[in-house]
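J.: My file is data_6.pdb. It has PDB, C-alpha atoms:
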```pdb
ATOM      1  CA  MET A  11     100.845  21.847 -44.889
ATOM      2  CA  ALA A  12     101.431  20.839 -41.258
ATOM      3  CA  LEU A  13      98.539  18.751 -40.093
ATOM      4  CA  THR A  14      98.048  18.009 -36.411
ATOM      5  CA  THR A  15      96.037  14.955 -35.418
ATOM      6  CA  ASP A  16      92.999  15.637 -33.198
ATOM      7  CA  ALA A  17      93.506  15.128 -29.472
ATOM      8  CA  VAL A  18      90.297  13.147 -29.025
ATOM      9  CA  TRP A  19      87.890  10.824 -30.790
ATOM     10  CA  GLN A  20      84.402  12.307 -31.002
ATOM     11  CA  CYS A  21      81.750   9.663 -30.338
ATOM     12  CA  ALA A  22      77.997   9.926 -30.939
ATOM     13  CA  TRP A  23      75.008   7.594 -30.659
ATOM     14  CA  THR A  24      71.885   8.581 -32.578
ATOM     15  CA  PHE A  25      68.359   7.891 -31.326
ATOM     16  CA  ARG A  26      64.974   8.236 -33.030
ATOM     17  CA  ASP A  27      61.847   8.695 -30.966
ATOM     18  CA  THR A  28      58.259   7.695 -31.594
ATOM     19  CA  ASP A  29      57.593  11.034 -33.335
ATOM     20  CA  ARG A  30      60.664  10.503 -35.548
ATOM     21  CA  ASN A  31      62.693  13.204 -33.812
ATOM     22  CA  ILE A  32      66.433  12.592 -33.758
ATOM     23  CA  GLY A  33      68.703  13.086 -30.759
ATOM     24  CA  GLN A  34      72.311  12.250 -29.983
ATOM     25  CA  ALA A  35      74.334  11.292 -26.946
ATOM     26  CA  THR A  36      77.951  12.407 -27.280
ATOM     27  CA  VAL A  37      81.280  11.958 -25.512
ATOM     28  CA  CYS A  38      84.973  12.233 -26.350
ATOM     29  CA  VAL A  39      87.590   9.524 -25.926
ATOM     30  CA  PRO A  40      91.348  10.206 -25.635
ATOM     31  CA  GLY A  41      92.957  10.242 -29.052
ATOM     32  CA  ALA A  42      95.628   7.725 -28.043
ATOM     33  CA  THR A  43      92.958   5.024 -27.749
ATOM     34  CA  THR A  44      93.153   2.560 -30.635
ATOM     35  CA  ALA A  45      90.350   2.513 -33.196
ATOM     36  CA  ALA A  46      89.659  -1.107 -32.288
ATOM     37  CA  ASN A  47      89.124  -0.185 -28.647
ATOM     38  CA  VAL A  48      86.911   2.747 -29.605
ATOM     39  CA  GLU A  49      84.852   0.407 -31.795
ATOM     40  CA  THR A  50      84.424  -1.997 -28.869
ATOM     41  CA  PHE A  51      83.459   0.906 -26.608
ATOM     42  CA  MET A  52      80.870   2.110 -29.155
ATOM     43  CA  GLY A  53      79.226  -1.291 -29.274
ATOM     44  CA  ALA A  54      79.212  -1.734 -25.509
ATOM     45  CA  MET A  55      77.774   1.731 -24.974
ATOM     46  CA  ALA A  56      75.135   1.089 -27.627
ATOM     47  CA  THR A  57      73.817  -1.829 -25.616
ATOM     48  CA  ILE A  58      73.980   0.115 -22.346
ATOM     49  CA  LEU A  59      72.280   3.205 -23.772
ATOM     50  CA  GLN A  60      69.504   1.245 -25.455
ATOM     51  CA  ALA A  61      68.708  -0.337 -22.084
ATOM     52  CA  LEU A  62      68.293   3.134 -20.574
ATOM     53  CA  SER A  63      66.243   4.770 -23.339
ATOM     54  CA  ASN A  64      62.936   3.869 -24.894
ATOM     55  CA  ALA A  65      63.813   5.775 -28.047
ATOM     56  CA  THR A  66      65.434   3.575 -30.699
ATOM     57  CA  LEU A  67      69.180   3.581 -31.275
ATOM     58  CA  VAL A  68      69.504   3.868 -35.065
ATOM     59  CA  GLY A  69      73.233   4.434 -35.479
ATOM     60  CA  TRP A  70      76.516   5.588 -34.065
ATOM     61  CA  SER A  71      79.677   7.233 -35.287
ATOM     62  CA  TYR A  72      83.149   8.078 -34.108
ATOM     63  CA  SER A  73      85.626  10.343 -35.790
ATOM     64  CA  LYS A  74      89.129  11.694 -35.567
ATOM     65  CA  GLY A  75      90.958  13.721 -38.148
ATOM     66  CA  ALA A  76      93.761  16.174 -38.649
ATOM     67  CA  ILE A  77      93.835  19.944 -38.934
ATOM     68  CA  ASP A  78      96.316  22.604 -39.992
ATOM     69  CA  PRO A  79      95.797  25.381 -37.420
ATOM     70  CA  ASP A  80      98.150  27.663 -39.350
ATOM     71  CA  ALA A  81      96.739  27.113 -42.828
ATOM     72  CA  ASN A  82      97.578  29.861 -45.303
ATOM     73  CA  VAL A  83      95.063  32.483 -46.358
ATOM     74  CA  ALA A  84      93.443  31.356 -49.587
ATOM     75  CA  ASP A  85      93.977  32.974 -52.973
ATOM     76  CA  GLU A  86      92.017  36.179 -53.642
ATOM     77  CA  ALA A  87      90.073  34.464 -56.450
ATOM     78  CA  SER A  88      88.998  31.564 -54.238
ATOM     79  CA  ASP A  89      85.288  30.911 -53.652
ATOM     80  CA  SER A  90      84.033  27.843 -51.809
ATOM     81  CA  GLU A  91      80.745  27.946 -53.744
ATOM     82  CA  ARG A  92      82.492  27.529 -57.103
ATOM     83  CA  LYS A  93      82.752  23.758 -57.320
ATOM     84  CA  GLY A  94      84.435  21.284 -59.523
ATOM     85  CA  SER A  95      81.669  18.712 -59.996
ATOM     86  CA  PHE A  96      82.946  15.268 -60.953
ATOM     87  CA  THR A  97      80.388  12.673 -61.971
ATOM     88  CA  PHE A  98      81.615   9.125 -61.348
ATOM     89  CA  GLN A  99      79.876   5.904 -62.373
ATOM     90  CA  ASP A 100      80.081   2.677 -60.400
ATOM     91  CA  ALA A 101      80.191  -0.859 -61.750
ATOM     92  CA  ASN A 102      76.387  -1.096 -61.544
ATOM     93  CA  GLY A 103      75.868   2.016 -63.636
ATOM     94  CA  PHE A 104      74.854   4.267 -60.752
ATOM     95  CA  GLN A 105      76.282   7.762 -60.938
ATOM     96  CA  SER A 106      77.231  10.068 -58.112
ATOM     97  CA  THR A 107      78.818  13.497 -58.036
ATOM     98  CA  LEU A 108      81.820  14.470 -55.941
ATOM     99  CA  THR A 109      82.593  18.154 -55.643
ATOM    100  CA  ILE A 110      85.824  20.047 -55.062
ATOM    101  CA  PRO A 111      85.217  23.444 -53.444
ATOM    102  CA  SER A 112      86.802  26.520 -55.070
ATOM    103  CA  ILE A 113      87.923  24.765 -58.213
ATOM    104  CA  ASP A 114      90.901  26.623 -59.644
ATOM    105  CA  ASN A 115      89.808  28.614 -62.701
ATOM    106  CA  ALA A 116      93.024  27.574 -64.403
ATOM    107  CA  LYS A 117      91.584  24.044 -64.476
ATOM    108  CA  VAL A 118      88.469  25.156 -66.393
ATOM    109  CA  VAL A 119      88.520  25.451 -70.199
ATOM    110  CA  ASP A 120      87.971  29.089 -71.181
ATOM    111  CA  ARG A 121      84.545  29.972 -72.628
ATOM    112  CA  SER A 122      83.092  26.784 -71.136
ATOM    113  CA  ASN A 123      82.498  25.159 -67.772
ATOM    114  CA  VAL A 124      84.397  22.045 -68.768
ATOM    115  CA  ILE A 125      87.161  20.619 -66.595
ATOM    116  CA  PRO A 126      89.444  18.658 -68.938
ATOM    117  CA  LEU A 127      89.913  15.057 -67.902
ATOM    118  CA  ASP A 128      93.325  14.908 -69.562
ATOM    119  CA  ASP A 129      94.785  17.585 -67.287
ATOM    120  CA  THR A 130      97.544  15.988 -65.201
ATOM    121  CA  ASP A 131      96.122  17.063 -61.819
ATOM    122  CA  VAL A 132      92.549  16.190 -62.816
ATOM    123  CA  ALA A 133      93.678  12.761 -63.980
ATOM    124  CA  ALA A 134      95.578  12.201 -60.721
ATOM    125  CA  TYR A 135      92.464  13.018 -58.691
ATOM    126  CA  ALA A 136      90.191  10.826 -60.820
ATOM    127  CA  ASP A 137      92.684   7.973 -60.627
ATOM    128  CA  ALA A 138      92.815   8.242 -56.807
ATOM    129  CA  ILE A 139      89.014   7.944 -56.700
ATOM    130  CA  ILE A 140      88.729   5.095 -59.219
ATOM    131  CA  THR A 141      91.903   3.068 -58.658
ATOM    132  CA  GLY A 142      92.931   4.254 -55.219
ATOM    133  CA  LEU A 143      96.426   3.967 -53.888
ATOM    134  CA  GLY A 144      98.222   1.605 -51.530
ATOM    135  CA  GLY A 145      95.391  -0.900 -51.638
ATOM    136  CA  VAL A 146      92.799   1.665 -50.536
ATOM    137  CA  ALA A 147      90.131   2.696 -53.028
ATOM    138  CA  PRO A 148      86.990   4.746 -52.355
ATOM    139  CA  THR A 149      83.426   3.562 -52.889
ATOM    140  CA  ASN A 150      80.091   5.303 -53.173
ATOM    141  CA  ILE A 151      77.623   5.317 -50.277
ATOM    142  CA  ARG A 152      76.367   1.881 -51.412
ATOM    143  CA  GLY A 153      79.852   0.440 -50.978
ATOM    144  CA  VAL A 154      80.407  -0.040 -54.726
ATOM    145  CA  SER A 155      83.708   1.022 -56.313
ATOM    146  CA  TYR A 156      83.790   3.649 -59.030
ATOM    147  CA  SER A 157      84.676   2.437 -62.501
ATOM    148  CA  ARG A 158      84.973   5.639 -64.548
ATOM    149  CA  VAL A 159      84.582   9.383 -64.501
ATOM    150  CA  VAL A 160      81.693  10.444 -66.739
ATOM    151  CA  LYS A 161      82.255  14.204 -66.826
ATOM    152  CA  ALA A 162      83.672  17.109 -64.864
ATOM    153  CA  ASP A 163      82.257  20.625 -64.880
ATOM    154  CA  LYS A 164      82.434  23.871 -62.972
ATOM    155  CA  THR A 165      79.168  24.514 -61.122
ATOM    156  CA  HIS A 166      77.991  26.862 -58.407
ATOM    157  CA  ARG A 167      76.468  25.294 -55.326
ATOM    158  CA  ARG A 168      75.781  26.539 -51.842
ATOM    159  CA  SER A 169      78.393  25.787 -49.208
ATOM    160  CA  SER A 170      77.895  24.869 -45.592
ATOM    161  CA  LYS A 171      79.356  28.242 -44.673
ATOM    162  CA  GLY A 172      80.081  30.839 -47.179
TER     163      GLY A 172
ATOM    164  CA  MET B  19      69.720  -6.372 -35.487
ATOM    165  CA  GLY B  20      72.435  -5.768 -38.010
ATOM    166  CA  VAL B  21      75.089  -3.084 -37.978
ATOM    167  CA  ALA B  22      76.361  -1.720 -41.305
ATOM    168  CA  SER B  23      79.378   0.535 -41.079
ATOM    169  CA  VAL B  24      81.585   2.487 -43.466
ATOM    170  CA  TRP B  25      84.434   5.014 -43.358
ATOM    171  CA  GLU B  26      83.503   8.515 -44.494
ATOM    172  CA  LEU B  27      86.349  10.869 -45.428
ATOM    173  CA  ARG B  28      85.721  14.600 -45.425
ATOM    174  CA  THR B  29      88.184  17.098 -46.903
ATOM    175  CA  TYR B  30      87.535  20.686 -45.833
ATOM    176  CA  ILE B  31      88.391  23.697 -48.024
ATOM    177  CA  ARG B  32      88.296  27.330 -46.919
ATOM    178  CA  ASP B  33      88.209  30.305 -49.291
ATOM    179  CA  ARG B  34      89.636  33.810 -48.940
ATOM    180  CA  ASP B  35      86.468  35.240 -47.403
ATOM    181  CA  GLY B  36      85.924  32.586 -44.738
ATOM    182  CA  GLY B  37      83.544  30.474 -46.809
ATOM    183  CA  GLN B  38      84.093  26.765 -46.360
ATOM    184  CA  ALA B  39      82.875  23.506 -47.807
ATOM    185  CA  ASP B  40      83.850  19.878 -47.714
ATOM    186  CA  THR B  41      83.960  17.017 -50.166
ATOM    187  CA  ARG B  42      83.062  13.489 -49.037
ATOM    188  CA  ILE B  43      83.945  10.010 -50.155
ATOM    189  CA  TYR B  44      83.617   6.581 -48.566
ATOM    190  CA  LEU B  45      85.916   3.643 -47.939
ATOM    191  CA  PRO B  46      84.963   0.051 -47.144
ATOM    192  CA  ALA B  47      84.764  -0.699 -43.432
ATOM    193  CA  SER B  48      87.364  -3.438 -43.847
ATOM    194  CA  HIS B  49      90.181  -0.865 -43.925
ATOM    195  CA  SER B  50      91.904   0.188 -40.710
ATOM    196  CA  TYR B  51      91.528   3.699 -39.323
ATOM    197  CA  GLU B  52      95.212   4.301 -40.004
ATOM    198  CA  ALA B  53      94.806   3.325 -43.676
ATOM    199  CA  ALA B  54      91.750   5.563 -44.000
ATOM    200  CA  LEU B  55      93.534   8.534 -42.401
ATOM    201  CA  SER B  56      96.601   8.007 -44.570
ATOM    202  CA  PHE B  57      94.455   7.930 -47.705
ATOM    203  CA  ALA B  58      92.672  11.119 -46.594
ATOM    204  CA  VAL B  59      95.837  13.032 -45.716
ATOM    205  CA  ASP B  60      98.486  11.643 -48.065
ATOM    206  CA  VAL B  61      96.458  10.838 -51.198
ATOM    207  CA  LEU B  62      93.185  12.701 -51.323
ATOM    208  CA  GLY B  63      94.052  16.018 -49.677
ATOM    209  CA  PRO B  64      97.039  16.866 -51.899
ATOM    210  CA  ARG B  65      95.144  15.909 -55.080
ATOM    211  CA  ILE B  66      92.186  18.078 -54.129
ATOM    212  CA  GLN B  67      94.503  20.933 -53.178
ATOM    213  CA  ALA B  68      96.126  20.716 -56.626
ATOM    214  CA  LEU B  69      92.724  21.437 -58.193
ATOM    215  CA  SER B  70      91.474  24.113 -55.782
ATOM    216  CA  ASN B  71      92.631  27.646 -55.081
ATOM    217  CA  GLY B  72      90.954  27.484 -51.705
ATOM    218  CA  VAL B  73      92.993  26.131 -48.805
ATOM    219  CA  TRP B  74      92.727  22.551 -47.619
ATOM    220  CA  TYR B  75      92.911  22.876 -43.832
ATOM    221  CA  ARG B  76      91.259  19.768 -42.378
ATOM    222  CA  SER B  77      90.648  16.106 -43.091
ATOM    223  CA  LEU B  78      88.216  14.108 -40.991
ATOM    224  CA  VAL B  79      87.774  10.342 -40.846
ATOM    225  CA  ILE B  80      84.381   9.190 -39.592
ATOM    226  CA  ARG B  81      83.339   5.634 -38.860
ATOM    227  CA  SER B  82      79.561   5.635 -39.077
ATOM    228  CA  ALA B  83      77.247   2.712 -38.478
ATOM    229  CA  SER B  84      73.538   2.306 -39.026
ATOM    230  CA  ILE B  85      71.525  -0.255 -37.109
ATOM    231  CA  ASP B  86      68.943  -2.176 -39.075
ATOM    232  CA  GLY B  87      65.989  -3.978 -37.580
ATOM    233  CA  ALA B  88      66.038  -2.125 -34.293
ATOM    234  CA  PRO B  89      62.779  -2.347 -32.345
ATOM    235  CA  PRO B  90      60.385   0.593 -32.682
ATOM    236  CA  PRO B  91      60.574   3.251 -29.991
ATOM    237  CA  GLY B  92      58.304   3.056 -26.975
ATOM    238  CA  GLU B  93      55.338   5.395 -26.812
ATOM    239  CA  LEU B  94      57.166   7.473 -24.207
ATOM    240  CA  GLY B  95      60.254   7.588 -26.401
ATOM    241  CA  THR B  96      60.149  11.279 -27.053
ATOM    242  CA  HIS B  97      63.383  13.217 -27.181
ATOM    243  CA  THR B  98      61.937  16.171 -25.308
ATOM    244  CA  ARG B  99      62.451  13.997 -22.236
ATOM    245  CA  LYS B 100      66.128  13.874 -21.424
ATOM    246  CA  MET B 101      68.136  12.689 -18.478
ATOM    247  CA  LEU B 102      71.148  14.763 -17.508
ATOM    248  CA  CYS B 103      73.803  12.607 -15.858
ATOM    249  CA  LEU B 104      76.726  14.078 -13.914
ATOM    250  CA  TRP B 105      79.871  12.266 -12.806
ATOM    251  CA  ARG B 106      82.485  13.673 -10.424
ATOM    252  CA  ASN B 107      86.147  12.966 -11.167
ATOM    253  CA  ASP B 108      89.258  12.972  -8.994
ATOM    254  CA  ASP B 109      89.778  16.677  -9.674
ATOM    255  CA  ASP B 110      86.328  17.335  -8.193
ATOM    256  CA  ARG B 111      85.047  18.455 -11.595
ATOM    257  CA  LEU B 112      81.716  17.397 -13.052
ATOM    258  CA  ALA B 113      81.392  15.799 -16.485
ATOM    259  CA  SER B 114      77.961  15.637 -18.084
ATOM    260  CA  PHE B 115      76.178  13.279 -20.445
ATOM    261  CA  SER B 116      72.584  13.358 -21.697
ATOM    262  CA  ILE B 117      70.422  10.347 -22.450
ATOM    263  CA  TYR B 118      67.401  10.851 -24.662
ATOM    264  CA  ALA B 119      63.971   9.508 -23.765
ATOM    265  CA  PRO B 120      65.028   7.717 -20.572
ATOM    266  CA  ARG B 121      62.926   4.731 -19.623
ATOM    267  CA  PRO B 122      60.503   5.565 -16.782
ATOM    268  CA  ASP B 123      61.433   2.431 -14.855
ATOM    269  CA  ILE B 124      64.994   3.597 -14.143
ATOM    270  CA  PHE B 125      63.816   6.415 -11.873
ATOM    271  CA  LEU B 126      63.442   6.224  -8.104
ATOM    272  CA  VAL B 127      59.934   5.389  -6.945
ATOM    273  CA  ASP B 128      60.246   6.689  -3.359
ATOM    274  CA  GLY B 129      61.504   9.866  -1.702
ATOM    275  CA  PRO B 130      61.410  13.562  -2.630
ATOM    276  CA  ASP B 131      63.047  12.975  -6.023
ATOM    277  CA  ALA B 132      60.744  10.114  -7.015
ATOM    278  CA  GLY B 133      60.173  10.045 -10.748
ATOM    279  CA  MET B 134      62.842  12.704 -11.318
ATOM    280  CA  ARG B 135      66.095  11.134 -10.144
ATOM    281  CA  ALA B 136      67.502   7.956 -11.677
ATOM    282  CA  ASP B 137      68.356   4.971  -9.533
ATOM    283  CA  PRO B 138      72.204   4.912  -9.439
ATOM    284  CA  ALA B 139      72.123   1.140  -9.844
ATOM    285  CA  ALA B 140      70.594   1.592 -13.313
ATOM    286  CA  LEU B 141      73.647   3.627 -14.332
ATOM    287  CA  ALA B 142      76.331   1.302 -12.968
ATOM    288  CA  ASP B 143      77.216  -0.098 -16.405
ATOM    289  CA  ILE B 144      77.512   3.283 -18.132
ATOM    290  CA  THR B 145      79.544   4.629 -15.208
ATOM    291  CA  ALA B 146      82.043   1.803 -15.630
ATOM    292  CA  ALA B 147      82.148   2.074 -19.438
ATOM    293  CA  LEU B 148      82.850   5.829 -19.477
ATOM    294  CA  SER B 149      85.366   5.658 -16.650
ATOM    295  CA  ASP B 150      87.268   2.635 -17.946
ATOM    296  CA  ILE B 151      88.067   4.136 -21.358
ATOM    297  CA  GLY B 152      88.875   7.571 -19.924
ATOM    298  CA  ALA B 153      86.012   9.310 -21.717
ATOM    299  CA  LEU B 154      85.643  13.104 -21.639
ATOM    300  CA  ASP B 155      82.611  15.296 -22.097
ATOM    301  CA  TYR B 156      82.447  18.010 -24.765
ATOM    302  CA  SER B 157      84.089  20.477 -22.381
ATOM    303  CA  ARG B 158      86.974  17.974 -22.180
ATOM    304  CA  VAL B 159      86.209  17.123 -18.549
ATOM    305  CA  ARG B 160      87.076  13.508 -17.782
ATOM    306  CA  PHE B 161      84.324  11.265 -16.475
ATOM    307  CA  GLY B 162      85.007   9.899 -13.011
ATOM    308  CA  ALA B 163      83.778   6.732 -11.359
ATOM    309  CA  THR B 164      81.446   8.580  -8.979
ATOM    310  CA  LEU B 165      77.931   9.297 -10.191
ATOM    311  CA  ALA B 166      76.962  12.688  -8.780
ATOM    312  CA  GLY B 167      73.376  12.398  -9.957
ATOM    313  CA  ALA B 168      71.093  11.808 -12.901
ATOM    314  CA  TYR B 169      67.912  13.807 -13.270
ATOM    315  CA  LEU B 170      65.035  14.047 -15.685
ATOM    316  CA  ALA B 171      65.356  17.303 -17.638
ATOM    317  CA  LEU B 172      62.339  18.334 -19.688
TER     318      LEU B 172
END
```
Kindly transcribe the structure held in the file into structure tokens.

T.:
Amino acid sequence: MALTTDAVWQCAWTFRDTDRNIGQATVCVPGATTAANVETFMGAMATILQALSNATLVGWSYSKGAIDPDANVADEASDSERKGSFTFQDANGFQSTLTIPSIDNAKVVDRSNVIPLDDTDVAAYADAIITGLGGVAPTNIRGVSYSRVVKADKTHRRSSKG
Amino acid sequence: MGVASVWELRTYIRDRDGGQADTRIYLPASHSYEAALSFAVDVLGPRIQALSNGVWYRSLVIRSASIDGAPPPGELGTHTRKMLCLWRNDDDRLASFSIYAPRPDIFLVDGPDAGMRADPAALADITAALSDIGALDYSRVRFGATLAGAYLAL
């Protein structure tokens, strides 16, 4: 796995008009720019753009990631619509489902759709979501940490492309 | 107005037949970009790959912010009205940027382009902001400090 960091930050400001249509203004920023400077730029541009538009600025985002341009061809049995669906519960009792595309059939108990939570790799994934690593731990969309995994099953769900 | 932001981590998986999907989690905004990217690439990606027989080929870190309490849009705030702005750089190439629902009062009031061409003075701040940080358009053309023109595009 040889990941290459993106060459640019992708920046977008999202507007909503009086008829509730959504539109975006987008630019790229050189990837060597620090995240702090991009954040400052996003805020400054938000003020500038709102002064030029009578739609309402409702949000903005910037992103940069990493890609493996030479990624291997996937296994013949792979299918992005066969998901491993993990239901996590947060400290307030709210549940949300995280999915892993093309769950390996070897991780599913035969004659069931159950993904065993005591499997070493499954436990490592669940622990990364609940406990995190290196002081970084995920949250749900509400910003609340996960406290336990409720269940894990194989399901079939549509993919963005596939 | 308040701004609420969060890190969103996306891990992309591709299958044998070109199908692809991603899985998404969130991190508190208090983490640095570097910490978020490291978690995505060094922690999350390998653990997801260990469970999938698709191929993990991309991780993306997105800082997204929502703005609460923003004023309602003006009656003319319809996104079918756009303003296409063009800047010329030192290589004599044009970089473009679109602004949705431009305010009517930024357009020239006299001359043959009245009501269609924006007053360059209204775009002085955005010209400086894009040029100063070295921004590029989606064709990777760098914005220059010279505004070539900004026109209403319906």

J.: Under the PyMOL selection byres ((chain A and resi 147) around 9), which residues of this model are included? Write them out as an MDAnalysis selection string.

T.: (chainID A and resid 138:146 148:149 155:156) or (chainID B and resid 44:46 57)

J.: Sort by chain and increasing residue number a table of all residues of chain B within 7 Å of chain A, each with its closest pair of atoms and their distance in Å to one decimal, counting only C-alpha atoms, and write it as CSV.

T.:
```
residue,atom,partner,partner_atom,distance
B:Ile31,CA,A:Pro111,CA,6.3
B:Arg32,CA,A:Ser90,CA,6.5
B:Asp33,CA,A:Ser88,CA,5.2
B:Arg34,CA,A:Ala84,CA,4.6
B:Gly36,CA,A:Gly172,CA,6.6
B:Gly37,CA,A:Gly172,CA,3.5
B:Gln38,CA,A:Lys171,CA,5.2
B:Ala39,CA,A:Ser169,CA,5.2
B:Asp40,CA,A:Pro111,CA,6.9
B:Thr41,CA,A:Thr109,CA,5.8
B:Ile43,CA,A:Pro148,CA,6.5
B:Tyr44,CA,A:Thr149,CA,5.3
B:Leu45,CA,A:Pro148,CA,4.7
B:Pro46,CA,A:Gly153,CA,6.4
B:Tyr51,CA,A:Ala45,CA,6.4
B:Arg65,CA,A:Tyr135,CA,5.3
B:Ile66,CA,A:Ile110,CA,6.7
B:Ala68,CA,A:Asp131,CA,6.3
B:Leu69,CA,A:Asp114,CA,5.7
B:Ser70,CA,A:Ile113,CA,4.4
B:Asn71,CA,A:Asp114,CA,5.0
B:Gly72,CA,A:Ala84,CA,5.1
B:Val73,CA,A:Ala84,CA,5.3
B:Tyr75,CA,A:Asp78,CA,5.1
B:Arg76,CA,A:Ile77,CA,4.3
B:Ser77,CA,A:Ala76,CA,5.4
B:Leu78,CA,A:Gly75,CA,4.0
B:Val79,CA,A:Gly75,CA,5.4
B:Ile80,CA,A:Ser73,CA,4.2
B:Arg81,CA,A:Tyr72,CA,5.3
B:Ser82,CA,A:Ser71,CA,4.1
B:Ala83,CA,A:Gly69,CA,5.3
B:Ser84,CA,A:Gly69,CA,4.1
B:Ile85,CA,A:Val68,CA,5.0
B:Ala88,CA,A:Thr66,CA,6.8
B:Pro89,CA,A:Thr66,CA,6.7
B:Pro90,CA,A:Thr66,CA,6.2
B:Pro91,CA,A:Ala65,CA,4.5
B:Gly92,CA,A:Asn64,CA,5.1
B:Glu93,CA,A:Thr28,CA,6.1
B:Leu94,CA,A:Asn64,CA,6.8
B:Gly95,CA,A:Ala65,CA,4.3
B:Thr96,CA,A:Asp27,CA,5.0
B:His97,CA,A:Asp27,CA,6.1
B:Ser116,CA,A:Ala35,CA,5.9
B:Ile117,CA,A:Ala35,CA,6.0
B:Tyr118,CA,A:Ser63,CA,6.3
B:Ala119,CA,A:Ser63,CA,5.3
B:Pro120,CA,A:Ser63,CA,4.2
B:Arg121,CA,A:Ser63,CA,5.0
B:Asp143,CA,A:Ile58,CA,6.8
B:Ile144,CA,A:Ile58,CA,6.3
B:Gly152,CA,A:Val39,CA,6.4
B:Ala153,CA,A:Val39,CA,4.5
B:Leu154,CA,A:Cys38,CA,4.8
B:Asp155,CA,A:Val37,CA,5.0
B:Tyr156,CA,A:Val37,CA,6.2
```

J.: Give me the stretch 33-119 of chain B side of the contact with stretch 159-165 of chain B, cut-off 7 Å, one line per residue showing its nearest atom pair and distance in Å at one decimal, counting only C-alpha atoms, sorted by chain and residue number, as CSV.

T.:
```
residue,atom,partner,partner_atom,distance
B:Leu104,CA,B:Leu165,CA,6.2
B:Trp105,CA,B:Leu165,CA,4.4
B:Arg106,CA,B:Gly162,CA,5.2
B:Asn107,CA,B:Gly162,CA,3.8
B:Asp108,CA,B:Gly162,CA,6.6
B:Ala113,CA,B:Phe161,CA,5.4
```

J.: What is the atom CA of B:Val59 to atom CA of B:Tyr30 distance in Å?

T.: 11.3 Å

J.: Out of B:Phe125, B:Leu62, B:His49, B:Leu172, which residue has the shortest atom-to-atom distance to B:Thr98 when counting all atoms listed in the file?

T.: B:Leu172

J.: Considering all atoms listed in the file, can you say which of A:Ser122, A:Ala17, A:Ser106, A:Gly41 comes closest to A:Val160?

T.: A:Ser106

J.: Between A:Arg158, A:Ala42, A:Asp129, A:Lys164, which one has atoms that come closest to A:Gln99, using only C-alpha atoms?

T.: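 Closest to A:Gln99 of all the choices is A:Arg158.
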
J.: Have a look at atom CA of B:Asp137 and atom CA of B:Ile124 and let me know their distance in Å, one decimal.

T.: 5.9 Å

J.: Could you tell me how far atom CA of A:Ala162 lies from atom CA of A:Phe98, in Å and to one decimal?

T.: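 Distance between the two atoms: 9.0 Å.
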
J.: From the set A:Ala56, A:Ser157, A:Thr50, A:Asp163, which residue has the shortest atom-to-atom contact distance to A:Val119, counting only C-alpha atoms?

T.: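 Nearest candidate to A:Val119 out of A:Ala56, A:Ser157, A:Thr50, A:Asp163: A:Asp163.
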
J.: For stretch 128-132 of chain B, list every protein, DNA or RNA residue within 12 Å, evaluated using only C-alpha atoms, and leave out those in the same chain fewer than 5 positions away; present the list as an MDAnalysis selection string.

T.: chainID B and resid 122:123 137 167:170

J.: Using only C-alpha atoms for the distances, tell me which of B:Val21, B:Ala58, B:Gly133, B:Ile151 is nearest to B:Trp74.

T.: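 Of the candidates, the smallest distance to B:Trp74 is held by B:Ala58.
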
J.: Box time for stretch 129-148 of chain B: axis-aligned, enclosing all its listed atoms, 5 Å extra on each side; report centre and edge lengths in Å to one decimal, as JSON.

T.:
```
{"center_x": 71.5, "center_y": 6.7, "center_z": -10.6, "size_x": 32.7, "size_y": 23.7, "size_z": 27.8}
```
